[in-house]
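Structure below is target_2.txt: compact mmCIF, C-alpha atoms.
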```txt
# COMPACT_ATOMS: atom_id res chain seq x y z
CA MET A 17 41.27 -39.56 -40.29
CA LYS A 18 42.26 -39.72 -36.62
CA PHE A 19 45.62 -41.38 -35.90
CA GLY A 20 46.95 -42.60 -32.59
CA ILE A 21 50.70 -43.09 -32.37
CA LEU A 22 52.62 -45.27 -29.91
CA VAL A 23 56.34 -44.62 -29.39
CA ASN A 24 58.12 -47.49 -27.64
CA GLU A 25 61.75 -46.39 -27.73
CA GLY A 26 63.75 -43.48 -26.37
CA PRO A 27 65.39 -40.80 -28.49
CA TYR A 28 68.83 -41.22 -30.12
CA ASN A 29 69.39 -44.92 -29.38
CA HIS A 30 66.78 -45.99 -31.89
CA GLN A 31 65.12 -44.44 -34.95
CA ALA A 32 61.61 -45.23 -33.69
CA SER A 33 60.88 -41.78 -32.25
CA ASP A 34 62.23 -40.03 -35.37
CA SER A 35 60.12 -42.27 -37.62
CA ALA A 36 57.05 -41.59 -35.50
CA TYR A 37 57.70 -37.84 -35.68
CA GLN A 38 58.10 -37.89 -39.48
CA PHE A 39 54.89 -39.93 -39.75
CA ALA A 40 52.99 -37.51 -37.49
CA LYS A 41 54.27 -34.49 -39.43
CA ALA A 42 53.27 -36.05 -42.77
CA ALA A 43 49.83 -36.99 -41.41
CA LEU A 44 49.19 -33.42 -40.24
CA GLU A 45 50.41 -32.02 -43.58
CA LYS A 46 47.85 -34.22 -45.31
CA GLY A 47 45.10 -32.82 -43.14
CA HIS A 48 44.71 -35.79 -40.82
CA GLU A 49 44.32 -35.44 -37.07
CA ILE A 50 46.68 -36.87 -34.45
CA PHE A 51 44.41 -37.97 -31.64
CA ARG A 52 47.31 -38.67 -29.29
CA VAL A 53 50.96 -39.71 -29.18
CA PHE A 54 51.60 -42.11 -26.33
CA PHE A 55 55.12 -42.74 -25.01
CA TYR A 56 55.68 -46.13 -23.39
CA TYR A 57 58.62 -48.38 -22.42
CA ASP A 58 61.87 -46.41 -22.91
CA GLY A 59 59.81 -44.10 -25.10
CA VAL A 60 59.10 -42.07 -21.95
CA ASN A 61 62.67 -40.77 -22.23
CA ASN A 62 61.58 -38.64 -25.20
CA ALA A 63 59.90 -36.39 -22.64
CA THR A 64 62.94 -35.46 -20.56
CA SER A 65 63.65 -31.75 -20.20
CA LEU A 66 67.27 -32.54 -19.34
CA GLY A 67 68.55 -33.70 -22.74
CA GLN A 68 71.16 -31.53 -24.44
CA PRO A 69 72.00 -33.03 -27.83
CA PRO A 70 74.85 -31.42 -29.81
CA SER A 71 73.69 -28.33 -31.70
CA ASP A 72 74.41 -29.85 -35.12
CA ASP A 73 72.01 -32.76 -34.45
CA ARG A 74 68.22 -32.77 -34.29
CA ASN A 75 66.61 -32.36 -30.89
CA VAL A 76 64.02 -35.12 -30.70
CA THR A 77 62.26 -33.76 -27.62
CA LYS A 78 62.04 -30.26 -29.18
CA ASN A 79 60.68 -31.74 -32.43
CA TRP A 80 57.79 -33.26 -30.49
CA GLN A 81 57.27 -30.10 -28.46
CA LYS A 82 57.05 -27.98 -31.61
CA LEU A 83 54.55 -30.37 -33.15
CA ALA A 84 52.44 -30.21 -30.00
CA GLU A 85 52.64 -26.42 -29.96
CA ASP A 86 51.83 -25.89 -33.66
CA HIS A 87 49.10 -28.51 -33.97
CA LYS A 88 47.82 -29.04 -30.41
CA VAL A 89 48.99 -32.64 -30.44
CA ASP A 90 48.39 -34.49 -27.15
CA LEU A 91 51.74 -35.96 -26.01
CA VAL A 92 51.18 -38.43 -23.18
CA VAL A 93 53.88 -40.15 -21.14
CA CYS A 94 52.97 -43.34 -19.27
CA VAL A 95 53.14 -42.67 -15.54
CA ALA A 96 54.24 -46.19 -14.55
CA ALA A 97 56.89 -46.50 -17.27
CA GLY A 98 58.06 -42.98 -16.44
CA LEU A 99 58.37 -43.61 -12.71
CA ARG A 100 60.42 -46.71 -13.42
CA ARG A 101 62.83 -44.64 -15.52
CA GLY A 102 62.85 -41.37 -13.59
CA ILE A 103 60.64 -39.33 -15.91
CA VAL A 104 58.46 -37.36 -13.50
CA GLU A 105 56.73 -33.96 -13.37
CA GLY A 106 59.97 -32.35 -12.17
CA ASN A 107 61.91 -33.13 -15.36
CA LEU A 108 59.06 -33.35 -17.84
CA ALA A 109 59.58 -31.23 -20.95
CA PRO A 110 56.82 -28.64 -21.58
CA GLY A 111 54.22 -29.87 -24.04
CA PHE A 112 54.16 -33.40 -22.63
CA ARG A 113 51.80 -34.62 -19.92
CA ILE A 114 51.96 -37.65 -17.63
CA SER A 115 48.99 -39.99 -17.43
CA GLY A 116 47.99 -43.64 -17.16
CA LEU A 117 48.21 -46.50 -19.64
CA GLY A 118 44.44 -46.22 -20.04
CA GLN A 119 45.18 -43.24 -22.32
CA LEU A 120 46.83 -45.65 -24.77
CA ILE A 121 43.90 -48.06 -24.75
CA GLU A 122 41.58 -45.09 -25.18
CA ALA A 123 43.62 -43.98 -28.20
CA GLY A 124 43.22 -47.47 -29.62
CA ILE A 125 39.46 -47.20 -29.19
CA GLN A 126 38.92 -43.59 -30.26
CA ALA A 127 41.45 -43.21 -33.08
CA ASP A 128 40.71 -44.67 -36.52
CA ARG A 129 44.21 -46.15 -36.67
CA LEU A 130 46.91 -46.83 -34.09
CA VAL A 131 50.46 -46.87 -35.48
CA THR A 132 53.29 -48.32 -33.38
CA PHE A 133 56.97 -47.37 -33.63
CA GLY A 134 59.42 -49.41 -31.61
CA ASP A 135 62.27 -51.88 -31.60
CA MET B 20 39.61 -54.90 -45.49
CA SER B 21 43.33 -55.44 -45.66
CA VAL B 22 46.02 -54.74 -43.08
CA LEU B 23 49.22 -52.69 -43.29
CA HIS B 24 52.24 -54.50 -41.86
CA THR B 25 55.35 -52.53 -41.01
CA VAL B 26 58.77 -54.20 -40.66
CA ASN B 27 61.78 -52.33 -39.30
CA LYS B 28 64.54 -54.93 -38.92
CA SER B 29 67.15 -56.09 -41.41
CA PRO B 30 66.40 -59.59 -42.72
CA PHE B 31 70.10 -60.34 -42.26
CA ASP B 32 69.80 -59.76 -38.51
CA ARG B 33 66.34 -60.82 -37.31
CA ASN B 34 63.31 -62.88 -38.36
CA ASN B 35 60.76 -60.02 -38.26
CA LEU B 36 60.31 -59.97 -42.05
CA ASP B 37 59.88 -63.75 -42.25
CA SER B 38 57.37 -63.71 -39.41
CA CYS B 39 55.44 -60.93 -41.16
CA LEU B 40 55.44 -62.78 -44.51
CA ASN B 41 54.29 -65.96 -42.73
CA HIS B 42 51.27 -64.27 -41.14
CA ALA B 43 50.13 -61.57 -43.56
CA GLN B 44 47.07 -62.36 -45.68
CA PRO B 45 47.01 -62.20 -49.49
CA GLY B 46 46.43 -58.63 -50.63
CA ASP B 47 47.79 -57.07 -47.42
CA ALA B 48 50.21 -54.17 -47.68
CA ILE B 49 53.73 -54.50 -46.26
CA LEU B 50 55.97 -51.47 -45.71
CA LEU B 51 59.70 -51.83 -45.02
CA ILE B 52 61.08 -49.00 -42.87
CA GLU B 53 64.28 -48.26 -40.91
CA ASP B 54 66.70 -51.23 -41.10
CA ALA B 55 64.22 -53.41 -42.99
CA VAL B 56 64.75 -51.38 -46.17
CA PHE B 57 67.80 -53.49 -47.07
CA ALA B 58 65.36 -56.30 -47.91
CA ALA B 59 63.95 -54.22 -50.76
CA MET B 60 67.14 -54.00 -52.82
CA ALA B 61 67.78 -56.13 -55.88
CA GLY B 62 70.80 -58.44 -55.82
CA THR B 63 70.57 -59.54 -52.18
CA ALA B 64 70.12 -63.06 -50.81
CA VAL B 65 66.48 -62.24 -50.05
CA ALA B 66 65.64 -60.63 -53.42
CA GLY B 67 64.07 -63.85 -54.73
CA LYS B 68 61.91 -64.12 -51.62
CA MET B 69 60.81 -60.52 -52.07
CA ALA B 70 59.97 -61.03 -55.74
CA ASP B 71 57.83 -64.03 -54.74
CA ALA B 72 56.20 -62.06 -51.93
CA ALA B 73 55.33 -59.29 -54.39
CA LYS B 74 52.95 -61.74 -56.09
CA THR B 75 50.91 -62.14 -52.89
CA PHE B 76 51.31 -58.83 -51.06
CA ARG B 77 51.49 -55.14 -51.91
CA LEU B 78 55.15 -54.44 -51.06
CA HIS B 79 56.43 -50.97 -50.25
CA VAL B 80 59.65 -49.47 -48.97
CA LEU B 81 60.21 -46.09 -47.34
CA GLY B 82 62.39 -44.04 -49.72
CA PRO B 83 63.84 -41.67 -47.09
CA ASP B 84 65.16 -44.68 -45.12
CA LEU B 85 66.75 -46.14 -48.29
CA LYS B 86 68.42 -42.85 -49.20
CA ALA B 87 69.65 -42.35 -45.63
CA ARG B 88 71.48 -45.66 -45.94
CA GLY B 89 73.07 -44.90 -49.31
CA PHE B 90 70.72 -46.91 -51.51
CA ASP B 91 69.11 -45.69 -54.72
CA PRO B 92 65.33 -46.21 -54.71
CA ALA B 93 65.66 -47.04 -58.42
CA GLY B 94 67.44 -50.27 -57.47
CA VAL B 95 64.64 -52.00 -55.60
CA VAL B 96 63.30 -55.45 -56.47
CA THR B 97 60.64 -55.35 -59.22
CA GLY B 98 57.20 -55.23 -57.62
CA VAL B 99 58.28 -53.11 -54.64
CA THR B 100 56.84 -49.57 -54.56
CA VAL B 101 58.89 -46.74 -53.07
CA VAL B 102 56.90 -44.31 -50.90
CA ASP B 103 57.71 -41.25 -48.79
CA TYR B 104 56.27 -40.48 -45.33
CA GLY B 105 53.12 -39.11 -46.98
CA GLY B 106 52.75 -42.47 -48.73
CA PHE B 107 53.22 -44.22 -45.38
CA VAL B 108 50.34 -42.13 -43.99
CA GLU B 109 48.13 -42.99 -46.97
CA LEU B 110 48.88 -46.71 -46.55
CA ALA B 111 47.96 -46.48 -42.88
CA ALA B 112 44.72 -44.69 -43.77
CA GLN B 113 43.75 -47.10 -46.57
CA ASN B 114 44.15 -50.28 -44.49
CA LYS B 115 41.95 -51.12 -41.52
CA ALA B 116 44.73 -51.83 -39.02
CA ILE B 117 48.49 -51.45 -38.74
CA ASN B 118 50.49 -54.38 -37.49
CA ALA B 119 54.06 -53.45 -36.54
CA TRP B 120 56.35 -56.50 -36.60
CA LEU B 121 58.62 -55.38 -33.78
CA MET C 16 35.10 -43.08 -15.73
CA ASP C 17 33.30 -42.03 -18.91
CA GLU C 18 36.25 -42.76 -21.19
CA MET C 19 36.18 -46.40 -20.17
CA ASP C 20 32.57 -46.70 -21.23
CA SER C 21 32.71 -45.37 -24.78
CA GLY C 22 30.24 -47.95 -26.06
CA ILE C 23 32.77 -48.95 -28.72
CA VAL C 24 34.06 -52.50 -28.56
CA LYS C 25 37.09 -53.20 -30.72
CA LYS C 26 39.07 -56.36 -31.26
CA PHE C 27 42.44 -55.77 -29.60
CA MET C 28 45.36 -58.13 -30.02
CA PHE C 29 48.56 -58.00 -28.03
CA VAL C 30 51.15 -59.85 -30.09
CA ASN C 31 54.07 -61.16 -28.05
CA ARG C 32 57.16 -61.98 -30.11
CA LYS C 33 59.93 -61.39 -27.58
CA ALA C 34 61.33 -63.58 -24.82
CA PRO C 35 60.99 -62.42 -21.20
CA HIS C 36 63.82 -61.16 -18.95
CA GLY C 37 66.35 -60.28 -21.70
CA THR C 38 64.31 -57.15 -22.39
CA VAL C 39 61.46 -55.45 -20.54
CA TYR C 40 58.84 -55.78 -23.28
CA ALA C 41 57.05 -58.87 -21.94
CA LEU C 42 56.54 -57.32 -18.50
CA GLU C 43 55.28 -53.99 -19.77
CA VAL C 44 52.98 -55.58 -22.37
CA LEU C 45 51.36 -57.43 -19.49
CA GLU C 46 50.73 -54.09 -17.78
CA MET C 47 48.99 -52.89 -20.96
CA VAL C 48 46.90 -56.05 -21.09
CA LEU C 49 45.74 -55.62 -17.49
CA ILE C 50 44.72 -52.00 -18.11
CA SER C 51 42.86 -52.96 -21.28
CA ALA C 52 40.59 -55.19 -19.16
CA ALA C 53 39.04 -52.08 -17.61
CA PHE C 54 37.81 -50.89 -21.02
CA ASP C 55 35.57 -53.86 -21.85
CA GLN C 56 37.21 -54.52 -25.20
CA ASP C 57 37.50 -57.85 -27.00
CA VAL C 58 41.08 -58.64 -25.94
CA HIS C 59 43.27 -61.33 -27.51
CA LEU C 60 46.83 -62.34 -26.63
CA ALA C 61 49.00 -64.06 -29.19
CA PHE C 62 52.28 -65.76 -28.37
CA ILE C 63 54.42 -66.35 -31.44
CA ASP C 64 58.14 -66.67 -32.14
CA ASP C 65 60.18 -66.05 -28.95
CA GLY C 66 57.07 -64.64 -27.25
CA ILE C 67 56.17 -68.25 -26.48
CA TYR C 68 58.98 -68.26 -23.91
CA GLN C 69 56.98 -65.72 -21.87
CA ILE C 70 54.59 -68.45 -20.76
CA LYS C 71 57.14 -71.22 -20.17
CA LYS C 72 56.46 -73.02 -16.90
CA GLY C 73 58.89 -72.86 -14.00
CA GLN C 74 60.47 -69.45 -14.55
CA ALA C 75 62.66 -68.66 -11.52
CA PRO C 76 64.46 -65.37 -12.12
CA ALA C 77 65.52 -64.88 -8.47
CA GLU C 78 69.19 -65.46 -9.26
CA ILE C 79 69.23 -62.86 -12.03
CA GLY C 80 67.67 -60.43 -9.60
CA VAL C 81 64.49 -59.58 -11.46
CA LYS C 82 60.84 -59.86 -10.57
CA ASN C 83 59.04 -63.08 -11.50
CA PHE C 84 55.99 -61.75 -13.29
CA SER C 85 55.06 -65.04 -14.97
CA PRO C 86 52.32 -65.88 -12.39
CA THR C 87 50.45 -62.82 -13.73
CA TYR C 88 49.56 -64.76 -16.89
CA ARG C 89 47.56 -67.13 -14.73
CA ALA C 90 45.76 -64.18 -13.13
CA LEU C 91 44.47 -62.88 -16.48
CA GLU C 92 41.43 -65.10 -16.27
CA GLY C 93 40.31 -63.12 -13.22
CA TYR C 94 40.24 -60.04 -15.46
CA ASP C 95 38.11 -61.87 -18.04
CA ILE C 96 41.06 -62.08 -20.42
CA GLU C 97 40.76 -65.64 -21.61
CA LYS C 98 41.64 -65.52 -25.30
CA LEU C 99 45.25 -66.68 -25.27
CA TYR C 100 46.66 -68.18 -28.46
CA VAL C 101 49.96 -69.93 -29.07
CA GLU C 102 51.36 -70.89 -32.43
CA ALA C 103 51.98 -74.61 -32.93
CA GLU C 104 54.92 -74.21 -35.34
CA GLY C 105 56.65 -71.80 -32.96
CA MET C 106 56.30 -74.26 -30.07
CA ALA C 107 57.66 -77.13 -32.17
CA GLU C 108 60.63 -75.05 -33.38
CA ARG C 109 61.53 -74.42 -29.75
CA GLY C 110 61.09 -78.02 -28.64
CA LEU C 111 58.09 -77.09 -26.49
CA THR C 112 54.66 -78.64 -26.06
CA GLU C 113 51.49 -77.40 -24.39
CA ASP C 114 52.62 -79.19 -21.20
CA ASP C 115 55.50 -76.72 -20.93
CA LEU C 116 53.15 -73.75 -20.70
CA LEU C 117 52.02 -72.23 -17.40
CA VAL C 118 48.55 -71.19 -18.52
CA PRO C 119 45.76 -72.76 -20.60
CA VAL C 120 45.94 -71.61 -24.22
CA GLU C 121 44.40 -72.36 -27.56
CA VAL C 122 46.99 -73.75 -29.95
CA LEU C 123 46.66 -72.45 -33.51
CA SER C 124 48.56 -73.25 -36.66
CA ARG C 125 50.56 -70.41 -38.21
CA ALA C 126 47.94 -70.11 -40.95
CA GLU C 127 45.11 -69.90 -38.41
CA MET C 128 47.05 -67.31 -36.41
CA GLY C 129 47.49 -65.18 -39.53
CA LYS C 130 43.76 -65.30 -40.21
CA LEU C 131 42.93 -64.39 -36.61
CA MET C 132 45.33 -61.43 -36.70
CA ALA C 133 43.61 -60.18 -39.85
CA GLU C 134 40.31 -59.88 -37.94
CA MET C 135 41.73 -57.42 -35.39
CA ASP C 136 41.01 -53.68 -35.21
CA VAL C 137 44.00 -52.78 -33.05
CA VAL C 138 47.24 -54.77 -32.95
CA LEU C 139 49.82 -53.93 -30.31
CA THR C 140 53.17 -55.64 -30.69
CA ALA C 141 56.30 -55.38 -28.62
```
I'd like the structure from this file rewritten - as structure tokens, please.
Amino acid sequence: MKFGILVNEGPYNHQASDSAYQFAKAALEKGHEIFRVFFYYDGVNNATSLGQPPSDDRNVTKNWQKLAEDHKVDLVVCVAAGLRRGIVEGNLAPGFRISGLGQLIEAGIQADRLVTFGD
Amino acid sequence: MSVLHTVNKSPFDRNNLDSCLNHAQPGDAILLIEDAVFAAMAGTAVAGKMADAAKTFRLHVLGPDLKARGFDPAGVVTGVTVVDYGGFVELAAQNKAINAWL
Amino acid sequence: MDEMDSGIVKKFMFVNRKAPHGTVYALEVLEMVLISAAFDQDVHLAFIDDGIYQIKKGQAPAEIGVKNFSPTYRALEGYDIEKLYVEAEGMAERGLTEDDLLVPVEVLSRAEMGKLMAEMDVVLTA
């Protein structure tokens, strides 16, 4: 089954991104496909390359990057939400790409299920 | 085909769970995650409501979120099924849409 | 664009449960709704709980220094987004009537809203 995932909150402030990551990991382990993970609202902050969490904590951005690397997961950051919050090509973590909101609607159309994680 | 509803807020803080219960259709699946897992425990002020809801809906709670908060999955209200993230994925796959009560 | 013409038409519902201005959700949901219009999907907007406050008439946020995006709801019709639903019980709880709303809507009971939601393929809530 093809899943689309929408992440509405940034890392660390809220569990949403962690929950979405655990869901994505479990889906891949069960042999499902992740069509796309779309980051919207403050969720765009998951894609910053500038975060430096303490070494004894998980690194949310790196978790996503590793998932993208190992399983070719498409990580898309909303351009408009990103511009508003200062997430641009210059500080975008590798593995993420910036694109339009249409990519979310497309995920809703193309994926079998769209799962939202937010506040 | 039924719908999976996810709820992530404590019933002692917000009305997300009530709003979900008021809109879900009989036979739908409901999964409590993050801070909504408190609603699954026996002995709370909402335990009676949950036991009633279990007659109409398929109630689930995410075990890892319960354990993270110091609660024993064995202590949930009768009728609530404890699942892991794999179970969450299966619920999402088995229902036709996922409605997150944010 | 090819991706906008997939030939698949799904029932989308944007469920609004949060008040405007206190958080950004209402504004950015509206941006999603406008984009969805380009994909020729069957788009529905539901206003329940505090989401009903999003379409309260007379919003004037100038003094709090934020953009007044409420006129956009009236522009949705121009994008062929005309399925707007408001829950009667939620309006009554908040002391509001249809006259307080800035855009024409269909008023549904909570039970009817639940049934409508169950028909959707994709539900986006914020």
Fill in: Counting only C-alpha atoms, the residue of C:Ala52, C:Ala90, C:Leu99, C:Ala141 that sits nearest Arg32 of chain C
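Ranked by minimum distance to Arg32 of chain C, first place goes to C:Ala141.
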Under the rule of at most 8 Å, produce a per-residue listing of chain C near chain A: chain, number, name, the closest pair of atoms, and the distance in Å, as a tab-separated table, using only C-alpha atoms.
```
residue	atom	partner	partner_atom	distance
C:Glu18	CA	A:Glu122	CA	7.1
C:Met19	CA	A:Glu122	CA	7.5
C:Ile23	CA	A:Ile125	CA	6.9
C:Val24	CA	A:Ile125	CA	7.6
C:Lys25	CA	A:Ile125	CA	6.6
C:Val39	CA	A:Tyr57	CA	7.8
C:Tyr40	CA	A:Tyr57	CA	7.5
C:Glu43	CA	A:Tyr57	CA	7.0
C:Met47	CA	A:Leu117	CA	6.6
C:Ile50	CA	A:Gly118	CA	6.1
C:Ser51	CA	A:Ile121	CA	6.1
C:Phe54	CA	A:Ile121	CA	7.7
C:Val137	CA	A:Gly124	CA	6.4
C:Leu139	CA	A:Thr132	CA	7.3
C:Thr140	CA	A:Thr132	CA	7.8
C:Ala141	CA	A:Gly134	CA	7.4
```
Please, which residues of chain B lie no more than 12 Å from chain A when the count uses only C-alpha atoms, and can they be set out as an mmCIF file with C-alpha atoms, keeping the file's coordinate frame?
```
data_model
loop_
_atom_site.group_PDB
_atom_site.id
_atom_site.type_symbol
_atom_site.label_atom_id
_atom_site.label_comp_id
_atom_site.auth_asym_id
_atom_site.auth_seq_id
_atom_site.Cartn_x
_atom_site.Cartn_y
_atom_site.Cartn_z
ATOM 1 C CA VAL B 22 46.020 -54.740 -43.080
ATOM 2 C CA LEU B 23 49.220 -52.690 -43.290
ATOM 3 C CA HIS B 24 52.240 -54.500 -41.860
ATOM 4 C CA THR B 25 55.350 -52.530 -41.010
ATOM 5 C CA VAL B 26 58.770 -54.200 -40.660
ATOM 6 C CA ASN B 27 61.780 -52.330 -39.300
ATOM 7 C CA LYS B 28 64.540 -54.930 -38.920
ATOM 8 C CA SER B 29 67.150 -56.090 -41.410
ATOM 9 C CA ARG B 33 66.340 -60.820 -37.310
ATOM 10 C CA ASN B 35 60.760 -60.020 -38.260
ATOM 11 C CA ILE B 52 61.080 -49.000 -42.870
ATOM 12 C CA GLU B 53 64.280 -48.260 -40.910
ATOM 13 C CA ASP B 54 66.700 -51.230 -41.100
ATOM 14 C CA ALA B 55 64.220 -53.410 -42.990
ATOM 15 C CA LEU B 81 60.210 -46.090 -47.340
ATOM 16 C CA PRO B 83 63.840 -41.670 -47.090
ATOM 17 C CA ASP B 84 65.160 -44.680 -45.120
ATOM 18 C CA ALA B 87 69.650 -42.350 -45.630
ATOM 19 C CA ASP B 103 57.710 -41.250 -48.790
ATOM 20 C CA TYR B 104 56.270 -40.480 -45.330
ATOM 21 C CA GLY B 105 53.120 -39.110 -46.980
ATOM 22 C CA GLY B 106 52.750 -42.470 -48.730
ATOM 23 C CA PHE B 107 53.220 -44.220 -45.380
ATOM 24 C CA VAL B 108 50.340 -42.130 -43.990
ATOM 25 C CA GLU B 109 48.130 -42.990 -46.970
ATOM 26 C CA LEU B 110 48.880 -46.710 -46.550
ATOM 27 C CA ALA B 111 47.960 -46.480 -42.880
ATOM 28 C CA ALA B 112 44.720 -44.690 -43.770
ATOM 29 C CA GLN B 113 43.750 -47.100 -46.570
ATOM 30 C CA ASN B 114 44.150 -50.280 -44.490
ATOM 31 C CA LYS B 115 41.950 -51.120 -41.520
ATOM 32 C CA ALA B 116 44.730 -51.830 -39.020
ATOM 33 C CA ILE B 117 48.490 -51.450 -38.740
ATOM 34 C CA ASN B 118 50.490 -54.380 -37.490
ATOM 35 C CA ALA B 119 54.060 -53.450 -36.540
ATOM 36 C CA TRP B 120 56.350 -56.500 -36.600
ATOM 37 C CA LEU B 121 58.620 -55.380 -33.780
#
```
Considering all atoms listed in the file, extract the chain C residues located within 12 Å of chain B and return them as a ChimeraX atom specification. /C:25-33,40,63-66,102,104-105,124-141
- request: Find the spatial neighbours of Val118 of chain C, counting only C-alpha atoms, within a cut-off of 12 Å - ignore same-chain residues fewer than 5 positions away - and output them as a PyMOL selection string.
  value: chain C and resi 62+67+69-73+85-92+96-101+113
Using only C-alpha atoms, the shortest atom-to-atom distance to Val65 of chain B among B:Ile49, B:Val101, B:Leu36, B:Gly94 belongs to B:Leu36
| query | Near Phe84 of chain C, counting only C-alpha atoms, which residues have an atom at most 10 Å away, once you skip same-chain residues fewer than 2 positions from it, shown as a list in words? | reply | Pro35, His36, Ala41, Leu42, Leu45, Gln69, Gln74, Ala75, Pro76, Val81, Lys82, Pro86, Thr87 and Tyr88 of chain C
Point to revise | d(atom CA of His87 of chain A, atom CA of Phe54 of chain A) in Å | key: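 Computed distance, atom CA of His87 of chain A to atom CA of Phe54 of chain A, equals 15.8 Å.
In this comparison, which uses only C-alpha atoms, the residue of A:Phe55, A:Ala109, A:Leu83, A:Asp73 approaching Val95 of chain A most closely is A:Phe55.
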Practice task
Please indicate the distance in Å from atom CA of Ser21 of chain C to atom CA of Arg52 of chain A, rounded to one decimal place.
Solution key: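 Between these atoms lies a distance of 16.7 Å.
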Computed gap from atom CA of Thr38 of chain C to atom CA of Ala63 of chain A is 21.2 Å
How about completing segment 47-58 of chain C with N, CA, C and O atoms and giving it to me as a CSV table (one decimal), in the frame of the given file?
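That gives us selection_29.csv:
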```csv
chain,number,residue,atom,x,y,z
C,47,MET,N,50.0,-53.4,-20.0
C,47,MET,CA,49.0,-52.9,-21.0
C,47,MET,C,47.8,-53.8,-21.0
C,47,MET,O,46.6,-53.3,-21.0
C,48,VAL,N,48.0,-55.1,-21.0
C,48,VAL,CA,46.9,-56.0,-21.1
C,48,VAL,C,46.0,-55.9,-19.9
C,48,VAL,O,44.7,-55.8,-20.0
C,49,LEU,N,46.6,-55.7,-18.7
C,49,LEU,CA,45.7,-55.6,-17.5
C,49,LEU,C,44.9,-54.3,-17.5
C,49,LEU,O,43.7,-54.4,-17.1
C,50,ILE,N,45.5,-53.3,-18.0
C,50,ILE,CA,44.7,-52.0,-18.1
C,50,ILE,C,43.6,-52.1,-19.1
C,50,ILE,O,42.5,-51.6,-18.9
C,51,SER,N,43.9,-52.8,-20.2
C,51,SER,CA,42.9,-53.0,-21.3
C,51,SER,C,41.6,-53.6,-20.7
C,51,SER,O,40.5,-53.4,-21.2
C,52,ALA,N,41.7,-54.5,-19.7
C,52,ALA,CA,40.6,-55.2,-19.2
C,52,ALA,C,39.5,-54.2,-18.6
C,52,ALA,O,38.3,-54.5,-18.6
C,53,ALA,N,40.0,-53.1,-18.2
C,53,ALA,CA,39.0,-52.1,-17.6
C,53,ALA,C,38.2,-51.4,-18.7
C,53,ALA,O,37.2,-50.7,-18.3
C,54,PHE,N,38.5,-51.6,-20.0
C,54,PHE,CA,37.8,-50.9,-21.0
C,54,PHE,C,36.8,-51.8,-21.7
C,54,PHE,O,36.2,-51.3,-22.7
C,55,ASP,N,36.6,-53.0,-21.3
C,55,ASP,CA,35.6,-53.9,-21.8
C,55,ASP,C,35.7,-54.0,-23.3
C,55,ASP,O,34.8,-54.0,-24.1
C,56,GLN,N,37.0,-54.3,-23.8
C,56,GLN,CA,37.2,-54.5,-25.2
C,56,GLN,C,37.4,-56.0,-25.4
C,56,GLN,O,37.5,-56.8,-24.5
C,57,ASP,N,37.3,-56.4,-26.7
C,57,ASP,CA,37.5,-57.8,-27.0
C,57,ASP,C,39.0,-58.1,-27.1
C,57,ASP,O,39.6,-57.9,-28.2
C,58,VAL,N,39.6,-58.6,-26.0
C,58,VAL,CA,41.1,-58.6,-25.9
C,58,VAL,C,41.6,-60.0,-26.3
C,58,VAL,O,41.1,-61.0,-25.8
```
